[in-house]
Structure formats: C-alpha cells, structure tokens
>>> print(open('protein.tsv').read())   # TSV, C-alpha atoms
chain	number	residue	atom	x	y	z
F	555	MET	CA	-24.03	-28.41	8.81
F	556	ASN	CA	-20.40	-27.58	9.63
F	557	LYS	CA	-19.73	-27.86	5.94
F	558	ASN	CA	-19.88	-24.35	4.50
F	559	ILE	CA	-17.30	-21.69	5.18
F	560	ASP	CA	-17.46	-18.12	3.93
F	561	PHE	CA	-13.96	-16.91	3.18
F	562	TYR	CA	-13.67	-13.10	2.94
F	563	PHE	CA	-10.29	-11.91	1.75
F	564	ASP	CA	-8.48	-9.12	-0.02
F	565	PHE	CA	-6.03	-10.17	-2.73
F	566	SER	CA	-3.39	-7.80	-1.36
F	567	SER	CA	-3.47	-9.38	2.12
F	568	SER	CA	-0.36	-11.44	2.83
F	569	TYR	CA	-2.09	-13.42	5.58
F	570	ALA	CA	-4.86	-14.23	3.06
F	571	TYR	CA	-2.17	-15.88	0.94
F	572	LEU	CA	-1.26	-18.17	3.82
F	573	ALA	CA	-4.94	-18.71	4.65
F	574	GLN	CA	-6.08	-19.69	1.15
F	575	HIS	CA	-3.46	-22.42	1.07
F	576	ARG	CA	-4.35	-23.75	4.49
F	577	ILE	CA	-8.13	-23.55	4.06
F	578	GLN	CA	-7.91	-25.51	0.81
F	579	GLN	CA	-6.02	-28.27	2.59
F	580	LEU	CA	-8.64	-28.29	5.32
F	581	ALA	CA	-11.48	-28.28	2.78
F	582	GLU	CA	-10.03	-31.42	1.22
F	583	GLU	CA	-9.42	-33.17	4.53
F	584	LEU	CA	-12.86	-32.40	5.95
F	585	GLU	CA	-14.88	-32.15	2.72
F	586	LEU	CA	-15.86	-28.52	3.20
F	587	ASP	CA	-17.38	-26.07	0.75
F	588	ILE	CA	-15.43	-22.84	0.75
F	589	ASN	CA	-17.28	-19.80	-0.48
F	590	TRP	CA	-14.54	-17.48	-1.79
F	591	LYS	CA	-15.47	-13.82	-1.33
F	592	PRO	CA	-12.84	-11.30	-2.36
F	593	PHE	CA	-13.70	-7.86	-1.02
F	594	ALA	CA	-12.16	-4.39	-0.89
F	595	LEU	CA	-10.54	-4.16	2.55
F	596	GLY	CA	-9.31	-0.64	1.75
F	597	ALA	CA	-12.92	0.61	1.64
F	598	ILE	CA	-13.64	-0.90	5.06
F	599	PHE	CA	-10.39	0.46	6.51
F	600	LYS	CA	-11.36	3.89	5.20
F	601	ALA	CA	-14.80	3.71	6.81
F	602	LEU	CA	-13.31	2.52	10.13
F	603	GLY	CA	-10.40	4.97	10.08
F	604	HIS	CA	-7.97	2.02	10.15
F	605	ALA	CA	-4.71	1.78	8.25
F	606	PRO	CA	-2.47	-1.24	7.73
F	607	PRO	CA	0.81	-1.01	9.68
F	608	LYS	CA	3.52	0.71	7.67
F	609	PRO	CA	6.17	-1.81	6.50
F	610	GLU	CA	8.92	0.24	8.18
F	611	SER	CA	7.14	0.42	11.57
F	612	THR	CA	8.00	-2.03	14.36
F	613	LYS	CA	4.68	-3.81	13.83
F	614	GLY	CA	5.15	-3.78	10.06
F	615	ARG	CA	8.62	-5.32	10.36
F	616	TYR	CA	7.35	-8.00	12.71
F	617	ILE	CA	4.43	-8.91	10.45
F	618	TRP	CA	6.82	-9.11	7.50
F	619	LYS	CA	8.81	-11.80	9.31
F	620	ASP	CA	5.74	-13.49	10.74
F	621	VAL	CA	4.25	-13.98	7.27
F	622	GLU	CA	7.55	-15.27	5.91
F	623	ARG	CA	8.00	-17.83	8.68
F	624	GLY	CA	4.34	-18.84	8.30
F	625	ALA	CA	4.91	-19.57	4.60
F	626	ALA	CA	8.17	-21.38	5.38
F	627	GLU	CA	6.42	-23.62	7.92
F	628	MET	CA	3.91	-24.63	5.21
F	629	ASN	CA	6.64	-25.07	2.58
F	630	LEU	CA	4.79	-22.47	0.56
F	631	PRO	CA	6.81	-20.41	-1.94
F	632	PHE	CA	6.84	-16.79	-0.84
F	633	HIS	CA	7.97	-13.52	-2.42
F	634	TRP	CA	6.78	-10.07	-1.42
F	635	PRO	CA	5.11	-8.53	-4.45
F	636	ASP	CA	6.52	-5.25	-5.66
F	637	PRO	CA	4.83	-2.86	-5.07
F	638	PHE	CA	3.47	-3.86	-1.68
F	639	PRO	CA	0.74	-3.25	-0.69
F	640	PHE	CA	-0.84	-3.31	-4.14
F	641	ASN	CA	-4.21	-2.34	-5.63
F	642	SER	CA	-6.30	-5.48	-5.46
F	643	ILE	CA	-9.44	-4.11	-7.11
F	644	PRO	CA	-8.68	-5.24	-10.72
F	645	ALA	CA	-7.98	-8.85	-9.64
F	646	ALA	CA	-11.14	-8.90	-7.50
F	647	ARG	CA	-13.29	-7.57	-10.33
F	648	MET	CA	-11.91	-10.21	-12.70
F	649	PHE	CA	-12.87	-12.82	-10.10
F	650	TYR	CA	-16.47	-11.64	-10.15
F	651	ALA	CA	-16.46	-11.37	-13.95
F	652	LEU	CA	-15.42	-15.03	-14.15
F	653	GLN	CA	-17.97	-16.02	-11.54
F	654	ALA	CA	-20.73	-14.34	-13.61
F	655	THR	CA	-19.65	-15.39	-17.09
F	656	GLN	CA	-18.02	-18.76	-16.38
F	657	SER	CA	-18.51	-20.59	-13.09
F	658	PRO	CA	-17.70	-20.34	-9.37
F	659	GLU	CA	-15.03	-23.04	-9.89
F	660	ARG	CA	-13.22	-21.03	-12.56
F	661	ALA	CA	-13.38	-17.94	-10.38
F	662	ILE	CA	-11.74	-19.88	-7.55
F	663	GLU	CA	-9.09	-21.16	-9.96
F	664	TRP	CA	-8.46	-17.49	-10.83
F	665	ALA	CA	-8.13	-16.49	-7.18
F	666	GLN	CA	-5.62	-19.28	-6.56
F	667	ALA	CA	-3.63	-18.24	-9.64
F	668	VAL	CA	-3.56	-14.59	-8.53
F	669	PHE	CA	-2.22	-15.56	-5.10
F	670	LYS	CA	0.37	-17.84	-6.68
F	671	SER	CA	1.54	-15.05	-8.99
F	672	SER	CA	1.60	-12.28	-6.39
F	673	TYR	CA	2.82	-13.72	-3.10
F	674	GLY	CA	4.10	-16.94	-4.63
F	675	GLN	CA	6.20	-15.32	-7.37
F	676	GLY	CA	6.32	-11.63	-6.44
F	677	LEU	CA	4.53	-10.40	-9.58
F	678	ASP	CA	2.60	-7.14	-9.61
F	679	CYS	CA	-1.02	-8.26	-9.74
F	680	SER	CA	-2.32	-4.72	-9.81
F	681	ASP	CA	-0.95	-4.47	-13.37
F	682	PRO	CA	-3.65	-5.19	-16.02
F	683	GLY	CA	-0.94	-6.57	-18.33
F	684	VAL	CA	0.10	-9.14	-15.72
F	685	LEU	CA	-3.54	-10.03	-15.04
F	686	MET	CA	-4.36	-10.43	-18.77
F	687	LYS	CA	-1.39	-12.74	-19.25
F	688	LEU	CA	-2.43	-14.75	-16.23
F	689	ALA	CA	-5.99	-15.02	-17.58
F	690	GLU	CA	-4.63	-16.30	-20.89
F	691	GLN	CA	-2.51	-18.92	-19.14
F	692	LEU	CA	-5.75	-20.21	-17.65
F	693	GLY	CA	-7.37	-20.33	-21.09
F	694	HIS	CA	-9.46	-17.15	-20.83
F	695	PRO	CA	-9.48	-14.40	-23.49
F	696	GLY	CA	-7.45	-11.78	-21.58
F	697	GLU	CA	-8.73	-8.58	-23.15
F	698	GLU	CA	-12.33	-9.71	-23.08
F	699	LEU	CA	-12.12	-10.65	-19.44
F	700	LEU	CA	-10.53	-7.32	-18.56
F	701	ALA	CA	-13.33	-5.52	-20.42
F	702	ALA	CA	-15.97	-7.64	-18.68
F	703	SER	CA	-14.45	-6.76	-15.32
F	704	GLN	CA	-15.04	-3.05	-16.00
F	705	GLN	CA	-18.79	-3.48	-16.41
F	706	GLU	CA	-21.11	-1.92	-13.89
F	707	GLU	CA	-22.68	-5.21	-12.75
F	708	VAL	CA	-19.26	-6.62	-11.95
F	709	LYS	CA	-18.11	-3.49	-10.14
F	710	SER	CA	-21.36	-3.54	-8.18
F	711	GLN	CA	-20.81	-7.14	-7.23
F	712	LEU	CA	-17.49	-6.29	-5.54
F	713	LYS	CA	-19.13	-3.35	-3.76
F	714	GLU	CA	-21.96	-5.57	-2.65
F	715	VAL	CA	-19.69	-8.22	-1.12
F	716	THR	CA	-17.66	-5.46	0.56
F	717	GLY	CA	-20.87	-4.01	2.02
F	718	GLU	CA	-21.91	-7.49	3.15
F	719	ALA	CA	-18.54	-7.98	4.88
F	720	ASP	CA	-18.84	-4.59	6.53
F	721	ALA	CA	-22.34	-5.40	7.78
F	722	LEU	CA	-21.04	-8.67	9.24
F	723	GLY	CA	-18.39	-6.79	11.22
F	724	VAL	CA	-15.40	-7.78	9.08
F	725	PHE	CA	-12.45	-5.47	9.79
F	726	GLY	CA	-9.51	-7.43	8.39
F	727	SER	CA	-8.38	-10.11	5.94
F	728	PRO	CA	-8.75	-13.04	5.96
F	729	THR	CA	-12.03	-13.47	7.84
F	730	PHE	CA	-14.01	-16.70	7.95
F	731	PHE	CA	-17.58	-17.49	8.98
F	732	LEU	CA	-18.66	-20.93	10.10
F	733	ASP	CA	-22.28	-21.34	11.24
F	734	GLY	CA	-22.47	-17.59	11.84
F	735	GLU	CA	-19.32	-17.48	13.97
F	736	MET	CA	-16.54	-15.13	12.89
F	737	PHE	CA	-12.85	-16.07	12.76
F	738	TRP	CA	-10.29	-13.42	11.91
F	739	GLY	CA	-6.82	-14.34	10.75
F	740	ALA	CA	-5.00	-17.22	9.10
F	741	ASP	CA	-4.08	-18.37	12.61
F	742	ARG	CA	-7.71	-19.06	13.49
F	743	ILE	CA	-8.01	-21.88	10.92
F	744	ASP	CA	-6.79	-24.33	13.57
F	745	LEU	CA	-9.75	-23.28	15.73
F	746	ILE	CA	-12.14	-23.70	12.79
F	747	GLU	CA	-10.75	-27.19	12.34
F	748	ARG	CA	-11.30	-28.02	16.02
F	749	ARG	CA	-14.83	-26.58	15.90
F	750	ILE	CA	-15.75	-28.83	12.96
F	751	THR	CA	-14.11	-32.02	14.18
F	752	THR	CA	-15.60	-31.57	17.67
F	753	ALA	CA	-19.11	-30.92	16.29
F	754	ARG	CA	-18.90	-33.90	13.96
F	755	SER	CA	-17.70	-36.28	16.64
F	756	ALA	CA	-20.43	-35.11	19.04
P	32	MET	CA	19.58	-23.49	24.33
P	33	ASN	CA	15.86	-23.49	23.50
P	34	LYS	CA	15.19	-23.31	27.19
P	35	ASN	CA	14.74	-19.65	28.09
P	36	ILE	CA	11.75	-17.59	27.06
P	37	ASP	CA	11.29	-13.90	27.78
P	38	PHE	CA	7.63	-13.18	28.38
P	39	TYR	CA	6.70	-9.51	28.07
P	40	PHE	CA	3.16	-8.72	29.12
P	41	ASP	CA	0.88	-6.04	30.48
P	42	PHE	CA	-1.38	-7.07	33.36
P	43	SER	CA	-4.36	-5.40	31.68
P	44	SER	CA	-3.98	-7.45	28.48
P	45	SER	CA	-6.70	-10.08	28.11
P	46	TYR	CA	-4.62	-12.14	25.67
P	47	ALA	CA	-1.79	-12.09	28.23
P	48	TYR	CA	-4.19	-13.83	30.62
P	49	LEU	CA	-4.67	-16.65	28.11
P	50	ALA	CA	-0.95	-16.67	27.33
P	51	GLN	CA	0.30	-16.91	30.92
P	52	HIS	CA	-1.82	-20.01	31.43
P	53	ARG	CA	-0.69	-21.66	28.22
P	54	ILE	CA	3.01	-20.77	28.57
P	55	GLN	CA	3.07	-22.23	32.08
P	56	GLN	CA	1.71	-25.50	30.75
P	57	LEU	CA	4.33	-25.48	28.01
P	58	ALA	CA	7.08	-24.63	30.49
P	59	GLU	CA	6.17	-27.70	32.53
P	60	GLU	CA	5.90	-30.00	29.52
P	61	LEU	CA	9.18	-28.87	27.94
P	62	GLU	CA	11.09	-27.82	31.07
P	63	LEU	CA	11.46	-24.20	30.05
P	64	ASP	CA	12.52	-21.20	32.09
P	65	ILE	CA	10.04	-18.37	31.64
P	66	ASN	CA	11.35	-14.92	32.39
P	67	TRP	CA	8.24	-12.93	33.38
P	68	LYS	CA	8.55	-9.26	32.38
P	69	PRO	CA	5.53	-7.09	33.06
P	70	PHE	CA	5.81	-3.79	31.22
P	71	ALA	CA	3.71	-0.69	30.59
P	72	LEU	CA	2.11	-1.24	27.18
P	73	GLY	CA	0.31	2.10	27.45
P	74	ALA	CA	3.65	3.93	27.34
P	75	ILE	CA	4.65	2.07	24.16
P	76	PHE	CA	1.23	2.65	22.58
P	77	LYS	CA	1.60	6.34	23.37
P	78	ALA	CA	5.03	6.52	21.75
P	79	LEU	CA	3.81	4.61	18.66
P	80	GLY	CA	0.53	6.51	18.39
P	81	HIS	CA	-1.37	3.22	18.79
P	82	ALA	CA	-4.57	2.72	20.75
P	83	PRO	CA	-6.27	-0.52	21.73
P	84	PRO	CA	-9.52	-1.14	19.81
P	85	LYS	CA	-12.52	0.38	21.60
P	86	PRO	CA	-14.72	-2.34	23.17
P	87	GLU	CA	-17.75	-1.04	21.22
P	88	SER	CA	-15.98	-1.08	17.81
P	89	THR	CA	-16.38	-4.03	15.41
P	90	LYS	CA	-12.81	-5.12	16.16
P	91	GLY	CA	-13.33	-4.61	19.90
P	92	ARG	CA	-16.48	-6.74	19.88
P	93	TYR	CA	-14.75	-9.49	17.92
P	94	ILE	CA	-11.74	-9.55	20.25
P	95	TRP	CA	-14.11	-9.70	23.24
P	96	LYS	CA	-15.60	-12.93	21.86
P	97	ASP	CA	-12.27	-14.27	20.67
P	98	VAL	CA	-10.76	-13.99	24.15
P	99	GLU	CA	-13.83	-15.60	25.73
P	100	ARG	CA	-13.79	-18.59	23.38
P	101	GLY	CA	-10.01	-18.90	23.83
P	102	ALA	CA	-10.50	-19.16	27.61
P	103	ALA	CA	-13.40	-21.58	27.16
P	104	GLU	CA	-11.28	-23.83	24.97
P	105	MET	CA	-8.67	-23.99	27.73
P	106	ASN	CA	-11.31	-24.51	30.45
P	107	LEU	CA	-9.94	-21.37	32.04
P	108	PRO	CA	-12.30	-19.32	34.26
P	109	PHE	CA	-12.93	-15.96	32.63
P	110	HIS	CA	-14.61	-12.73	33.73
P	111	TRP	CA	-14.01	-9.32	32.21
P	112	PRO	CA	-12.63	-7.09	34.96
P	113	ASP	CA	-14.60	-3.95	35.70
P	114	PRO	CA	-13.33	-1.42	34.74
P	115	PHE	CA	-11.78	-2.68	31.52
P	116	PRO	CA	-9.18	-1.77	30.40
P	117	PHE	CA	-7.65	-1.05	33.79
P	118	ASN	CA	-4.54	0.69	35.09
P	119	SER	CA	-1.94	-2.08	35.34
P	120	ILE	CA	0.90	0.05	36.74
P	121	PRO	CA	0.29	-0.64	40.49
P	122	ALA	CA	0.24	-4.44	39.95
P	123	ALA	CA	3.39	-4.29	37.81
P	124	ARG	CA	5.25	-2.19	40.40
P	125	MET	CA	4.30	-4.65	43.13
P	126	PHE	CA	5.71	-7.43	40.93
P	127	TYR	CA	9.07	-5.67	40.77
P	128	ALA	CA	8.96	-4.84	44.49
P	129	LEU	CA	8.55	-8.55	45.24
P	130	GLN	CA	11.27	-9.47	42.78
P	131	ALA	CA	13.68	-7.06	44.52
P	132	THR	CA	12.74	-7.76	48.15
P	133	GLN	CA	11.71	-11.42	47.97
P	134	SER	CA	12.56	-13.61	44.97
P	135	PRO	CA	11.74	-14.05	41.28
P	136	GLU	CA	9.55	-17.03	42.21
P	137	ARG	CA	7.41	-15.02	44.60
P	138	ALA	CA	7.08	-12.29	41.97
P	139	ILE	CA	5.81	-14.88	39.46
P	140	GLU	CA	3.39	-16.21	42.08
P	141	TRP	CA	2.15	-12.62	42.41
P	142	ALA	CA	1.69	-12.24	38.65
P	143	GLN	CA	-0.31	-15.46	38.49
P	144	ALA	CA	-2.48	-14.33	41.39
P	145	VAL	CA	-3.14	-10.95	39.77
P	146	PHE	CA	-4.27	-12.63	36.54
P	147	LYS	CA	-6.45	-15.04	38.47
P	148	SER	CA	-8.09	-12.17	40.36
P	149	SER	CA	-8.59	-9.87	37.38
P	150	TYR	CA	-9.52	-11.97	34.34
P	151	GLY	CA	-10.23	-15.09	36.36
P	152	GLN	CA	-12.61	-13.46	38.85
P	153	GLY	CA	-13.35	-10.02	37.40
P	154	LEU	CA	-11.83	-8.04	40.30
P	155	ASP	CA	-10.46	-4.54	39.82
P	156	CYS	CA	-6.70	-5.03	40.06
P	157	SER	CA	-6.02	-1.33	39.59
P	158	ASP	CA	-7.45	-0.80	43.09
P	159	PRO	CA	-4.72	-0.64	45.79
P	160	GLY	CA	-7.19	-2.10	48.29
P	161	VAL	CA	-7.76	-5.17	46.11
P	162	LEU	CA	-4.01	-5.53	45.55
P	163	MET	CA	-3.18	-5.24	49.25
P	164	LYS	CA	-5.71	-7.90	50.12
P	165	LEU	CA	-4.32	-10.15	47.41
P	166	ALA	CA	-0.79	-9.61	48.75
P	167	GLU	CA	-1.94	-10.58	52.22
P	168	GLN	CA	-3.57	-13.75	50.92
P	169	LEU	CA	-0.15	-14.68	49.59
P	170	GLY	CA	1.42	-14.01	52.99
P	171	HIS	CA	2.97	-10.61	52.25
P	172	PRO	CA	2.50	-7.54	54.43
P	173	GLY	CA	0.08	-5.61	52.18
P	174	GLU	CA	0.79	-2.05	53.26
P	175	GLU	CA	4.54	-2.56	53.31
P	176	LEU	CA	4.51	-4.05	49.85
P	177	LEU	CA	2.40	-1.19	48.52
P	178	ALA	CA	4.83	1.31	50.06
P	179	ALA	CA	7.81	-0.58	48.61
P	180	SER	CA	6.17	-0.49	45.16
P	181	GLN	CA	6.16	3.33	45.29
P	182	GLN	CA	9.91	3.61	45.72
P	183	GLU	CA	11.96	5.13	42.97
P	184	GLU	CA	14.08	2.01	42.30
P	185	VAL	CA	10.94	-0.04	41.76
P	186	LYS	CA	9.30	2.55	39.51
P	187	SER	CA	12.56	2.76	37.56
P	188	GLN	CA	12.61	-1.01	37.15
P	189	LEU	CA	9.23	-0.97	35.39
P	190	LYS	CA	10.37	1.92	33.19
P	191	GLU	CA	13.56	0.04	32.38
P	192	VAL	CA	11.77	-3.13	31.28
P	193	THR	CA	9.33	-1.04	29.24
P	194	GLY	CA	12.26	0.70	27.54
P	195	GLU	CA	13.89	-2.69	26.93
P	196	ALA	CA	10.66	-3.98	25.33
P	197	ASP	CA	10.41	-0.87	23.19
P	198	ALA	CA	14.02	-1.25	22.04
P	199	LEU	CA	13.30	-4.87	21.07
P	200	GLY	CA	10.39	-3.77	18.88
P	201	VAL	CA	7.58	-4.92	21.19
P	202	PHE	CA	4.30	-3.27	20.18
P	203	GLY	CA	1.71	-5.48	21.89
P	204	SER	CA	1.02	-7.90	24.72
P	205	PRO	CA	1.87	-10.72	25.13
P	206	THR	CA	5.20	-10.84	23.30
P	207	PHE	CA	7.70	-13.67	23.64
P	208	PHE	CA	11.35	-14.00	22.70
P	209	LEU	CA	13.01	-17.34	22.08
P	210	ASP	CA	16.65	-17.32	20.98
P	211	GLY	CA	16.22	-13.71	19.82
P	212	GLU	CA	13.14	-14.44	17.73
P	213	MET	CA	9.99	-12.46	18.50
P	214	PHE	CA	6.52	-13.96	18.81
P	215	TRP	CA	3.52	-11.69	19.30
P	216	GLY	CA	0.25	-13.00	20.62
P	217	ALA	CA	-1.09	-15.87	22.70
P	218	ASP	CA	-1.76	-17.65	19.40
P	219	ARG	CA	1.96	-17.85	18.61
P	220	ILE	CA	2.69	-20.17	21.56
P	221	ASP	CA	1.94	-23.16	19.30
P	222	LEU	CA	4.70	-21.96	16.98
P	223	ILE	CA	7.09	-21.53	19.91
P	224	GLU	CA	6.31	-25.11	20.90
P	225	ARG	CA	7.03	-26.38	17.36
P	226	ARG	CA	10.28	-24.35	17.24
P	227	ILE	CA	11.51	-25.94	20.46
P	228	THR	CA	10.45	-29.52	19.75
P	229	THR	CA	11.88	-29.34	16.20
P	230	ALA	CA	15.20	-27.92	17.43
P	231	ARG	CA	15.48	-30.51	20.17
P	232	SER	CA	14.71	-33.42	17.89
P	233	ALA	CA	17.28	-32.21	15.30
>>> encode(input="protein.tsv", output="structure tokens")
Amino acid sequence: MNKNIDFYFDFSSSYAYLAQHRIQQLAEELELDINWKPFALGAIFKALGHAPPKPESTKGRYIWKDVERGAAEMNLPFHWPDPFPFNSIPAARMFYALQATQSPERAIEWAQAVFKSSYGQGLDCSDPGVLMKLAEQLGHPGEELLAASQQEEVKSQLKEVTGEADALGVFGSPTFFLDGEMFWGADRIDLIERRITTARSA
Amino acid sequence: MNKNIDFYFDFSSSYAYLAQHRIQQLAEELELDINWKPFALGAIFKALGHAPPKPESTKGRYIWKDVERGAAEMNLPFHWPDPFPFNSIPAARMFYALQATQSPERAIEWAQAVFKSSYGQGLDCSDPGVLMKLAEQLGHPGEELLAASQQEEVKSQLKEVTGEADALGVFGSPTFFLDGEMFWGADRIDLIERRITTARSA
C-alpha cells in the first residue's frame, strides 16, 4: 500500500500545473503509481454554486502571484495562457481518447504536454488547432485523434470521472487521494509525502 | 530586514489557530518580531460578498478534517469550539483594550490564551463570561477589561485594523506580510521560512 495516488485535475487549473510537476517528482522519488484523472471542474462548480475567483478581485490577484512564485520556486517555466481561464474539455477528451485507443502512458504523456504548452508556454489549449499540432508533435494523427475525442464513449468517460470526483467530495483542482484520504491543493503534496514516508518507516 | 511579520487573523479562524502556533515556533527559531493584528474577517467577507464554506458542505467537511490533521501533525490539542463559527469581536476588542492599557506583550499573551481556550479546549470564546474568567486567570480585572473593550477608542482600533487589512487586499485568515509580500494561509508559513532563510544566507 501507500503506492497508488489518484490525481484529479482540470487542465485549466493553474495549481494543477504546479501539482503535476511536483507529484511526478515525488512519484519518481518514492516509486508511486499516479492515476491521472482529468475531470470537468466547471461542472462540479456549477452543481455546487461555486465560481473561481475573478482575476481582478483581491483574491484573484493574490492567487495570480501565489501561482507565479510557486512556479518560480520550482524553477518551472510559467506563462499565463491567453485566454485564462480556458475551456479544458477538448484537452480532457483527447486524454481519454488516447487512454482508450493507445495506452495510459501515452495519455499521461499527453497531459504533461498540454500543461507544458498552456501554463509552460502560454498557448491556448482550448483551441483544436493548437491541440492537433501538439498531438502531431507527439506522433499522433491530429485529425483522427480530434475525431476520436468527439465520440460518445470518450465524452461519457470524462463525464464518468467527473461524476466519480463529485461523489468523492472533490470541489477543487488538484485533488489527490491516498488510501482513501483526500488532499486538496498543490500545497498538500508535502503532507502526502510525509504520510507515505512515515507509513513506510513504521 | 526580514525580521518583522504582520500577522492578520480572526479569532474564529481555525487555520489561524494552527498558524499562531507555527508562527510562534518560527519566530523563536529565526528571532522574528510578530505583529499580531486581530481583525474582523466577517466585515471583509461582507464587503467582498464572500462566505465561509458551510460545515455540512463538501468543502466544509474537507476543511474540518484538514484542520484536525494539521493540528494532529503539530501535536497541538484541538477541539472544535461550540458554537462554530463564533463571534470573535469581543475577544478582538479585549486584545486591543489590553494593548492600549497594558502592553503589546500582554495583548499577545491574551491572543494565545483565547486560541488555547477556543480551539485548544473547545470553549465558547464569544461568551463574555468565558472571556472574563480567562482574563482573570491571566491576572487582569475581568469586568474592568470587558468595560474597557466597549469603549469607542477600542472599537475604533479594531475597525481601523480591519480597514487596513482590507486596503492591503486581505481576504482570509490567517494572512501574513513579510517585506510587503502577502502570504495567505497557515500552509504558507513554510514559504515564509524559506524566504527568510534564503535572504539571510544570501
């Protein structure tokens, strides 16, 4: 045990960008299996009556800086994508299309590439043209993958994971589960690390 | 420089309870001066149209557990006060009454005692009777202090600090400022620590 982590995230979440970098490092250090689960946070927000803080609000401005200094501390390239926030549904569907038609590993590679392009380079990863080009850079047939991502089974898969997250009480991104325990936020990865190292040394 | 930290908090904030313990430890380790500034978060929430998550909501339930495990990790006694949330205005006014009539040190001692009684022991620190008894345990004349806390200058002091927090962009509790940089949340104290140790070693 203490080996499998479920990683629920929305591609448009800036803290998920920080988290995916950090959790990968931790996975390597501690030999963990990370189960990447992109979901549609917007649907959960809608059901809960939540809204992300507006970028021009005091909280929005603070978070803006907090994310930037978090990336800087990790020496992680960071550019706010334009537009922000962006529609993350197409990228998430392409993830599940790759998972179904290729392999979980290639889907994870896709997720990492999407984060690198959006928050790493500031590209608009809601744009199908950008996503197709990205797919081709990874050796996938862009148009085919885009078409596959529009199929009902793939759309249903995203809805299913979103419903699963909702049922588990997920209300934000990123959210992790370790042995049934929930951890919300990139800043809880340190606690996950302590949980695992403590359990293993016990 | 890198010595003074402004610590804005609301007595009814559970994360402020964790933070006040941790920031005191850090203050001792790094020889920092902590400027304790209780404020009325409710007034800022009202102005911003924010509300704390309801205890029975998914976010409320998560935060409940997150605070408890945070206290457990620090070996800090923890009991949810009843009622929760509670009216923190009387305790904050008594802080400023002590600051004005006694000394900043005795006001800090008061703040620590209020946190210990509320989140440490589960007492109702919105109750004037509880607060008077607490004051007497610290060697203050309870009734006199309560009367002093009702005076206009003291009430104004709390309003002033709340306005100051609002002007600085504070939207939650606890919030820290170090050299003009804002840090929101008990979980940002680690970052404050890294900022200080990095600056001092440079």
>>> residues_around(input="protein.tsv", residues="region 111-115 of chain P", least_positions_apart="2", cutoff="7 Å", atoms="all atoms listed in the file", output="list in words")
Phe109, Phe117, Ser149, Tyr150, Gly153, Leu154 and Asp155 of chain P
>>> interface_residues(input="protein.tsv", of="chain P", to="chain F", cutoff="8 Å", atoms="only C-alpha atoms", output="list in words")
Thr89, Lys90, Tyr93, Gly200, Val201, Phe202, Met213 and Asp218 of chain P
>>> atom_distance(input="protein.tsv", atom1="CA of Gly80 (chain P)", atom2="CA of Phe38 (chain P)")
23.2 Å
>>> closest_residue(input="protein.tsv", among="P:Ile54, P:Ala123, P:Asn33, P:Ser148", to="Pro205 (chain P)", atoms="only C-alpha atoms")
P:Ile54
>>> closest_residue(input="protein.tsv", among="P:Gln130, P:Gln182, P:Ser204, P:Ser119", to="Tyr48 (chain P)", atoms="all atoms listed in the file")
P:Ser204
>>> residues_around(input="protein.tsv", residues="Ala82 (chain P)", least_positions_apart="3", cutoff="12 Å", atoms="all atoms listed in the file", output="PyMOL selection string")
(chain F and resi 604) or (chain P and resi 72-79+85-86+91+116+202-203)
>>> closest_residue(input="protein.tsv", among="P:Ala131, P:Ala233, P:Leu107, P:Val98", to="Tyr46 (chain P)", atoms="all atoms listed in the file")
P:Val98
>>> residues_around(input="protein.tsv", residues="Gln55 (chain P)", least_positions_apart="6", cutoff="10 Å", atoms="all atoms listed in the file", output="compact mmCIF listing (two decimals) with C-alpha atoms, keeping the file's coordinate frame")
# COMPACT_ATOMS: atom_id res chain seq x y z
CA LEU P 61 9.18 -28.87 27.94
CA GLU P 62 11.09 -27.82 31.07
CA LEU P 63 11.46 -24.20 30.05
CA ASP P 64 12.52 -21.20 32.09
CA ILE P 65 10.04 -18.37 31.64
CA GLN P 143 -0.31 -15.46 38.49
>>> closest_residue(input="protein.tsv", among="P:Asn118, P:Ser187, P:Gln152, P:Gln56", to="Asp41 (chain P)", atoms="all atoms listed in the file")
P:Asn118
>>> atom_distance(input="protein.tsv", atom1="CA of Trp590 (chain F)", atom2="CA of Met686 (chain F)")
21.0 Å
>>> atom_distance(input="protein.tsv", atom1="CA of Phe70 (chain P)", atom2="CA of Phe207 (chain P)")
12.6 Å
>>> residues_around(input="protein.tsv", residues="Ala138 (chain P)", least_positions_apart="3", cutoff="12 Å", atoms="all atoms listed in the file", output="list in words")
Asn66, Trp67, Lys68, Pro69, Ala122, Ala123, Arg124, Met125, Phe126, Tyr127, Ala128, Leu129, Gln130, Ala131, Thr132, Gln133, Ser134, Pro135, Trp141, Ala142, Gln143, Ala144, Val145, Ala166, Leu169, His171 and Leu176 of chain P
>>> residues_near_point(input="protein.tsv", point="(-6.7, -23.9, 5.9)", cutoff="9 Å", atoms="all atoms listed in the file", output="PyMOL selection string")
chain F and resi 572-581+740+743-744+746-747
>>> axis_aligned_box(input="protein.tsv", around="region 116-124 of chain P", padding_each_side="5 Å", output="AutoDock Vina command-line options")
--center_x -2.0 --center_y -1.9 --center_z 35.4 --size_x 24.4 --size_y 15.1 --size_z 20.1
>>> decode(input="protein.tsv", residues="region 163-171 of chain P", atoms="N, CA, C and O atoms", output="compact mmCIF listing (two decimals), in the first residue's frame")
# COMPACT_ATOMS: atom_id res chain seq x y z
N MET P 163 -14.20 36.84 30.50
CA MET P 163 -13.85 37.48 31.78
C MET P 163 -13.05 36.54 32.66
O MET P 163 -12.07 36.94 33.28
N LYS P 164 -13.50 35.29 32.69
CA LYS P 164 -12.81 34.29 33.51
C LYS P 164 -11.38 34.09 33.01
O LYS P 164 -10.43 34.02 33.79
N LEU P 165 -11.25 34.05 31.69
CA LEU P 165 -9.94 33.88 31.07
C LEU P 165 -9.04 35.07 31.43
O LEU P 165 -7.86 34.90 31.76
N ALA P 166 -9.60 36.28 31.37
CA ALA P 166 -8.84 37.48 31.72
C ALA P 166 -8.34 37.39 33.16
O ALA P 166 -7.18 37.71 33.45
N GLU P 167 -9.23 36.91 34.02
CA GLU P 167 -8.85 36.82 35.44
C GLU P 167 -7.74 35.78 35.66
O GLU P 167 -6.85 36.00 36.48
N GLN P 168 -7.81 34.71 34.91
CA GLN P 168 -6.74 33.70 35.01
C GLN P 168 -5.38 34.29 34.62
O GLN P 168 -4.34 33.80 35.06
N LEU P 169 -5.43 35.31 33.77
CA LEU P 169 -4.18 35.94 33.35
C LEU P 169 -3.81 37.11 34.27
O LEU P 169 -2.86 37.85 34.01
N GLY P 170 -4.63 37.32 35.32
CA GLY P 170 -4.32 38.36 36.29
C GLY P 170 -4.89 39.73 35.96
O GLY P 170 -4.48 40.73 36.54
N HIS P 171 -5.85 39.78 35.03
CA HIS P 171 -6.48 41.06 34.70
C HIS P 171 -7.82 41.16 35.45
O HIS P 171 -8.46 40.14 35.69
